[in-house]
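Next comes input_16.tsv, a file with TSV, C-alpha atoms.
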chain	number	residue	atom	x	y	z
D	1	MET	CA	185.45	57.41	-105.62
D	2	ALA	CA	183.26	54.32	-105.73
D	3	LEU	CA	179.53	54.56	-105.27
D	4	SER	CA	178.27	51.52	-103.42
D	5	SER	CA	174.50	51.71	-103.78
D	6	LYS	CA	172.66	49.31	-106.06
D	7	SER	CA	171.80	52.24	-108.28
D	8	ALA	CA	174.40	54.92	-107.90
D	9	HIS	CA	172.09	57.69	-109.03
D	10	ALA	CA	168.66	56.29	-108.11
D	11	SER	CA	168.30	58.44	-104.99
D	12	TYR	CA	169.41	61.64	-106.69
D	13	ARG	CA	167.51	64.87	-106.29
D	14	PRO	CA	168.80	68.29	-107.34
D	15	LEU	CA	171.15	69.46	-104.58
D	16	GLY	CA	172.73	72.58	-106.01
D	17	MET	CA	176.41	73.21	-106.62
D	18	LEU	CA	179.17	71.27	-104.91
D	19	THR	CA	181.53	73.10	-102.59
D	20	ALA	CA	184.54	74.69	-104.28
D	21	THR	CA	186.90	72.50	-102.26
D	22	PHE	CA	185.21	69.24	-103.29
D	23	ALA	CA	184.90	70.38	-106.91
D	24	ALA	CA	188.64	71.13	-106.97
D	25	LEU	CA	189.37	67.69	-105.53
D	26	LEU	CA	187.30	66.03	-108.24
D	27	ALA	CA	189.01	68.08	-110.92
D	28	ALA	CA	192.37	66.70	-109.81
D	29	VAL	CA	191.32	63.09	-110.45
D	30	PRO	CA	192.46	61.65	-113.80
D	31	LEU	CA	189.22	61.06	-115.71
D	32	ALA	CA	190.71	58.51	-118.05
D	33	ALA	CA	191.05	56.06	-115.17
D	34	ALA	CA	187.43	56.38	-114.13
D	35	GLN	CA	185.71	55.06	-117.22
D	36	GLU	CA	186.38	51.99	-119.32
D	37	PRO	CA	188.22	53.04	-122.47
D	38	ALA	CA	186.25	53.49	-125.67
D	39	VAL	CA	186.55	50.73	-128.25
D	40	VAL	CA	187.61	51.64	-131.77
D	41	ILE	CA	185.20	49.92	-134.18
D	42	PRO	CA	184.40	50.33	-137.87
D	43	PRO	CA	181.07	51.73	-139.04
D	44	PRO	CA	178.41	49.17	-139.97
D	45	SER	CA	178.53	47.72	-143.45
D	46	LEU	CA	174.74	48.05	-143.70
D	47	ASP	CA	173.19	51.47	-143.15
D	48	GLU	CA	169.90	53.23	-143.74
D	49	LYS	CA	168.71	54.67	-147.02
D	50	VAL	CA	168.36	58.39	-146.52
D	51	SER	CA	164.91	59.47	-147.63
D	52	GLY	CA	163.96	62.28	-145.28
D	53	THR	CA	165.23	65.05	-143.05
D	54	THR	CA	164.17	63.77	-139.63
D	55	GLU	CA	164.39	60.32	-138.08
D	56	ILE	CA	163.96	58.92	-134.56
D	57	ALA	CA	166.10	56.31	-132.81
D	58	VAL	CA	165.91	55.03	-129.22
D	59	PHE	CA	168.95	53.78	-127.29
D	60	ALA	CA	169.36	52.27	-123.82
D	61	GLY	CA	172.84	52.00	-122.34
D	62	GLY	CA	172.72	52.35	-118.58
D	63	CYS	CA	172.07	55.64	-116.81
D	64	PHE	CA	170.50	58.01	-119.29
D	65	TRP	CA	172.52	61.00	-118.05
D	66	GLY	CA	175.64	59.96	-119.91
D	67	VAL	CA	173.96	58.49	-122.98
D	68	GLN	CA	171.98	61.68	-123.47
D	69	GLY	CA	175.10	63.77	-122.94
D	70	VAL	CA	177.03	61.86	-125.60
D	71	PHE	CA	174.35	62.13	-128.28
D	72	GLN	CA	173.81	65.83	-127.52
D	73	HIS	CA	177.38	66.38	-128.72
D	74	VAL	CA	176.94	64.56	-132.05
D	75	LYS	CA	176.48	66.68	-135.17
D	76	GLY	CA	173.20	65.98	-136.90
D	77	VAL	CA	171.35	65.23	-133.67
D	78	LYS	CA	168.53	67.74	-133.30
D	79	LYS	CA	167.32	66.60	-129.90
D	80	ALA	CA	168.17	63.91	-127.36
D	81	VAL	CA	165.69	63.29	-124.55
D	82	SER	CA	166.17	61.10	-121.48
D	83	GLY	CA	163.27	58.80	-120.67
D	84	TYR	CA	161.92	55.28	-120.43
D	85	SER	CA	161.17	52.62	-123.03
D	86	GLY	CA	160.19	48.97	-122.92
D	87	GLY	CA	157.31	49.16	-120.45
D	88	SER	CA	153.92	50.82	-120.15
D	89	ALA	CA	152.96	54.46	-119.71
D	90	ALA	CA	151.53	53.66	-116.28
D	91	THR	CA	154.96	52.78	-114.86
D	92	ALA	CA	157.07	55.38	-116.71
D	93	ASP	CA	158.28	57.38	-113.73
D	94	TYR	CA	161.70	57.39	-112.08
D	95	GLU	CA	160.78	55.90	-108.72
D	96	THR	CA	158.86	53.00	-110.27
D	97	VAL	CA	161.38	52.27	-113.01
D	98	SER	CA	164.18	52.25	-110.44
D	99	GLY	CA	162.55	49.22	-108.83
D	100	GLY	CA	163.64	47.19	-111.86
D	101	LYS	CA	160.33	45.40	-112.45
D	102	THR	CA	158.58	47.57	-115.03
D	103	GLY	CA	160.20	46.28	-118.21
D	104	HIS	CA	161.45	49.80	-118.87
D	105	ALA	CA	165.07	50.66	-119.55
D	106	GLU	CA	166.47	54.12	-118.96
D	107	SER	CA	166.59	55.27	-122.57
D	108	VAL	CA	167.35	58.21	-124.81
D	109	GLU	CA	165.20	59.23	-127.75
D	110	VAL	CA	167.38	60.76	-130.46
D	111	ILE	CA	165.86	62.93	-133.17
D	112	TYR	CA	168.38	63.35	-135.97
D	113	ASP	CA	168.93	64.43	-139.56
D	114	PRO	CA	170.12	61.37	-141.54
D	115	ARG	CA	171.73	63.67	-144.09
D	116	GLU	CA	174.23	64.64	-141.38
D	117	VAL	CA	174.44	61.46	-139.30
D	118	THR	CA	172.89	58.12	-140.20
D	119	TYR	CA	171.44	55.47	-137.92
D	120	GLY	CA	174.58	53.46	-138.57
D	121	GLY	CA	176.71	56.39	-137.45
D	122	LEU	CA	174.70	56.70	-134.26
D	123	LEU	CA	175.12	52.96	-133.64
D	124	GLN	CA	178.87	53.28	-134.02
D	125	VAL	CA	178.93	56.01	-131.35
D	126	PHE	CA	176.57	54.01	-129.11
D	127	PHE	CA	178.70	50.85	-129.14
D	128	SER	CA	182.07	52.57	-129.14
D	129	VAL	CA	181.64	55.48	-126.74
D	130	ALA	CA	178.24	55.75	-125.04
D	131	HIS	CA	178.29	52.48	-123.06
D	132	ASN	CA	179.74	48.98	-122.73
D	133	PRO	CA	177.57	46.55	-124.74
D	134	THR	CA	179.06	43.47	-123.04
D	135	GLN	CA	177.58	44.18	-119.59
D	136	LEU	CA	174.36	42.25	-118.98
D	137	ASN	CA	171.70	44.17	-117.03
D	138	TYR	CA	174.13	46.71	-115.64
D	139	GLN	CA	176.45	49.53	-116.58
D	140	GLY	CA	179.33	50.40	-114.29
D	141	PRO	CA	177.96	51.04	-110.80
D	142	ASP	CA	174.28	50.72	-111.80
D	143	HIS	CA	172.67	47.27	-111.66
D	144	GLY	CA	169.24	46.09	-112.76
D	145	THR	CA	167.30	45.43	-115.95
D	146	GLN	CA	166.49	49.14	-116.15
D	147	TYR	CA	170.18	49.66	-116.99
D	148	ARG	CA	170.36	47.03	-119.72
D	149	SER	CA	171.89	47.57	-123.12
D	150	ALA	CA	169.09	47.75	-125.66
D	151	LEU	CA	168.06	49.17	-129.00
D	152	PHE	CA	164.38	49.86	-129.57
D	153	ALA	CA	163.96	49.60	-133.34
D	154	VAL	CA	161.51	52.20	-134.61
D	155	THR	CA	161.46	50.66	-138.10
D	156	ASP	CA	162.15	47.28	-139.67
D	157	GLU	CA	165.15	48.86	-141.38
D	158	GLN	CA	166.63	49.88	-138.03
D	159	LYS	CA	166.23	46.31	-136.77
D	160	ARG	CA	168.01	44.90	-139.81
D	161	ILE	CA	170.86	47.37	-139.45
D	162	ALA	CA	171.24	46.80	-135.71
D	163	ASP	CA	171.10	43.00	-135.97
D	164	ALA	CA	173.64	42.99	-138.80
D	165	TYR	CA	176.02	45.33	-136.96
D	166	ILE	CA	175.92	43.31	-133.75
D	167	ALA	CA	176.68	40.16	-135.75
D	168	GLU	CA	179.46	41.94	-137.59
D	169	LEU	CA	181.07	43.21	-134.39
D	170	GLY	CA	180.75	39.79	-132.79
D	171	LYS	CA	182.40	38.07	-135.73
D	172	SER	CA	185.30	40.51	-135.69
D	173	ARG	CA	185.73	40.10	-131.92
D	174	ALA	CA	185.90	43.85	-131.53
D	175	PHE	CA	185.04	43.48	-127.84
D	176	PRO	CA	186.69	41.18	-125.28
D	177	ALA	CA	183.32	39.56	-124.47
D	178	ALA	CA	180.06	38.86	-126.26
D	179	ILE	CA	177.72	41.75	-127.02
D	180	VAL	CA	174.52	41.39	-124.97
D	181	THR	CA	172.56	44.29	-126.47
D	182	GLU	CA	168.88	43.49	-127.00
D	183	VAL	CA	167.20	44.59	-130.21
D	184	SER	CA	163.52	45.05	-129.41
D	185	PRO	CA	160.57	46.54	-131.30
D	186	PHE	CA	159.73	50.09	-130.30
D	187	ARG	CA	156.45	50.34	-128.40
D	188	GLY	CA	156.68	53.78	-126.89
D	189	PHE	CA	158.96	56.34	-125.31
D	190	TYR	CA	158.14	58.37	-122.22
D	191	ALA	CA	160.20	61.42	-121.35
D	192	ALA	CA	161.81	61.46	-117.92
D	193	GLU	CA	161.25	64.11	-115.31
D	194	ASP	CA	162.61	67.58	-116.08
D	195	TYR	CA	165.40	67.35	-113.50
D	196	HIS	CA	166.95	64.47	-115.46
D	197	GLN	CA	167.10	66.41	-118.73
D	198	ASP	CA	170.45	67.94	-119.76
D	199	PHE	CA	171.85	66.58	-116.50
D	200	LEU	CA	175.43	66.18	-117.68
D	201	THR	CA	175.64	69.73	-119.02
D	202	ARG	CA	173.99	71.26	-115.96
D	203	ASN	CA	176.00	69.23	-113.43
D	204	PRO	CA	179.53	68.75	-114.81
D	205	THR	CA	181.04	68.51	-111.31
D	206	HIS	CA	178.53	66.02	-109.90
D	207	PRO	CA	180.61	63.02	-108.69
D	208	TYR	CA	178.67	60.50	-110.76
D	209	ILE	CA	179.10	62.59	-113.91
D	210	VAL	CA	182.80	63.21	-113.27
D	211	TYR	CA	183.65	59.56	-112.80
D	212	ASN	CA	181.29	57.85	-115.21
D	213	ASP	CA	180.26	60.24	-117.96
D	214	MET	CA	182.68	63.08	-118.65
D	215	PRO	CA	185.24	60.57	-120.01
D	216	LYS	CA	182.63	59.54	-122.60
D	217	ILE	CA	182.47	63.09	-123.92
D	218	GLU	CA	186.26	63.22	-124.21
D	219	ASN	CA	186.27	59.85	-125.95
D	220	LEU	CA	183.68	61.11	-128.41
D	221	ARG	CA	185.82	64.16	-129.14
D	222	ALA	CA	188.93	62.02	-129.63
D	223	LEU	CA	187.46	59.18	-131.70
D	224	PHE	CA	184.94	61.13	-133.77
D	225	PRO	CA	186.42	64.63	-134.22
D	226	GLN	CA	184.46	65.29	-137.43
D	227	ALA	CA	181.17	64.37	-135.77
D	228	PHE	CA	181.81	66.12	-132.45
D	229	ARG	CA	179.85	69.24	-131.61
D	230	ALA	CA	181.38	71.33	-128.81
D	231	ASN	CA	178.08	72.98	-127.87
D	232	PRO	CA	175.49	70.32	-127.02
D	233	VAL	CA	171.93	70.54	-128.27
D	234	LEU	CA	169.86	70.78	-125.11
D	235	VAL	CA	166.28	69.91	-124.22
D	236	PHE	CA	165.93	73.13	-122.27
D	237	LYS	CA	167.68	76.31	-123.29
D	238	ALA	CA	169.98	77.74	-120.64
D	239	LYS	CA	168.52	80.68	-118.76
D	240	SER	CA	170.23	83.95	-119.53
What is this file in structure tokens?
Amino acid sequence: MALSSKSAHASYRPLGMLTATFAALLAAVPLAAAQEPAVVIPPPSLDEKVSGTTEIAVFAGGCFWGVQGVFQHVKGVKKAVSGYSGGSAATADYETVSGGKTGHAESVEVIYDPREVTYGGLLQVFFSVAHNPTQLNYQGPDHGTQYRSALFAVTDEQKRIADAYIAELGKSRAFPAAIVTEVSPFRGFYAAEDYHQDFLTRNPTHPYIVYNDMPKIENLRALFPQAFRANPVLVFKAKS
């Protein structure tokens, strides 16, 4: 099922559950054919020096629903929040960012324990599973600079690691095209509206999630079985 709008999820508002008939139809579609296959890549040769128990990293790889969902299933991640980075606080809202002129990218702030998963490990997941780093200013059905591939380096060390890894992957020709991921200094992160948080977990039968994002979770499970966490760490606890 192709979504033809410029931004396949830009007009989304919570709509409740899909009908049982439509959900069953979606379940019958082979998910592997919906998403580009993950790319098997080695971990980076350069990684961070572990000196604490909590670190922050910010990733942009298209629609934040799927990127957040992937990182929520990675062991060592304590929290993954969907939001906006690259622009100012004044324009950090969904309607404005969706116009593509704010400088923001839909991003995910990942709070993690480097003793369990390092920045290099997160980068390996990001490039291999979470998105396609060769797509310039789009991801799948979503087009615009707000869907660009970007890393917002919180520290100088993160920038060195990211730059070195991109160069390493480029030299090895791990991908069929050049990596276009921007490495930019971190200037702020602004959490997205509540209805965007934990979207993949709360809406597993939403058409966009079924076709674009659920395959990423299965790829994570298959390629990184030791790092995969079956129960995602959520922004909001499920209501009992």
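With only C-alpha atoms taken into account, every residue lying no more than 9 Å from the file point (170.4, 67.3, -124.8) is included here: Gln68, Gly69, Val70, Phe71, Gln72, His73, Lys78, Lys79, Ala80, Val81, Ser82, Gln197, Asp198, Phe199, Leu200, Thr201, Pro232, Val233, Leu234, Val235 and Phe236 of chain D.
Atom pair CA of Gln139 (chain D) / CA of Tyr195 (chain D): separated by 21.2 Å.
A straight line drawn from CA of Ser128 (chain D) to CA of Gly52 (chain D) is 26.1 Å long.
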### Task
Quick one: everything within 9 Å of Ala89 (chain D), counting only C-alpha atoms, minus sequence neighbours fewer than 5 positions away in the same chain. Send it as a ChimeraX atom specification.
/D:188-190
### Message
At a cut-off of 7 Å, using only C-alpha atoms, what residues contact region 117-119 of chain D? Leave out same-chain residues fewer than 3 positions from it and give the result as a VMD selection string.
### Response
chain D and resid 47 to 48 75 to 76 113 to 114 122 to 123
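CA of Pro44 (chain D) lies 26.6 Å from CA of Gln146 (chain D).
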### Message
I need every residue sitting at most 8 Å from the point (183.9, 48.7, -129.7) (coordinates as in the file, all atoms listed in the file considered), written as a PyMOL selection string.
### Response
chain D and resi 38-41+127-129+169+174-175
Could you write out that same residue set with C-alpha atoms as a compact mmCIF listing (two decimals), in the coordinates of the input?
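Once everything was written out, this is out.txt:
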# COMPACT_ATOMS: atom_id res chain seq x y z
CA ALA D 38 186.25 53.49 -125.67
CA VAL D 39 186.55 50.73 -128.25
CA VAL D 40 187.61 51.64 -131.77
CA ILE D 41 185.20 49.92 -134.18
CA PHE D 127 178.70 50.85 -129.14
CA SER D 128 182.07 52.57 -129.14
CA VAL D 129 181.64 55.48 -126.74
CA LEU D 169 181.07 43.21 -134.39
CA ALA D 174 185.90 43.85 -131.53
CA PHE D 175 185.04 43.48 -127.84
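Residues in contact with region 157-167 of chain D at up to 9 Å, not including ones fewer than 4 positions away on its chain and judged by all atoms listed in the file, are Pro43, Pro44, Ser45, Leu46, Asp47, Glu48, Lys49, Ala57, Tyr119, Gly120, Leu123, Gln124, Leu151, Phe152, Ala153, Lys171, Ser172, Ile179, Thr181, Val183, Ser184 and Pro185 of chain D.
Of the listed residues D:Val110, D:Asp194, D:Phe64, D:Arg115, the one whose atoms come nearest to Ser51 (chain D) is D:Arg115, with distances taken using all atoms listed in the file.
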### Task
Quick one: everything within 12 Å of Thr145 (chain D), counting only C-alpha atoms, minus sequence neighbours fewer than 6 positions away in the same chain. Send it as a ChimeraX atom specification.
/D:6-7,60-63,85-87,97-107,135-139,181-182
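For Ala177 (chain D), the set of protein, DNA and RNA residues having any atom at most 9 Å away, when counting all atoms listed in the file and skipping those fewer than 4 positions along the same chain, is Thr134, Gln135, Gly170 and Arg173 of chain D.
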### Message
When you count only C-alpha atoms, which of these residues is closest to Glu55 (chain D): D:Leu220, D:His143, D:Val210, D:Glu109?
### Response
D:Glu109
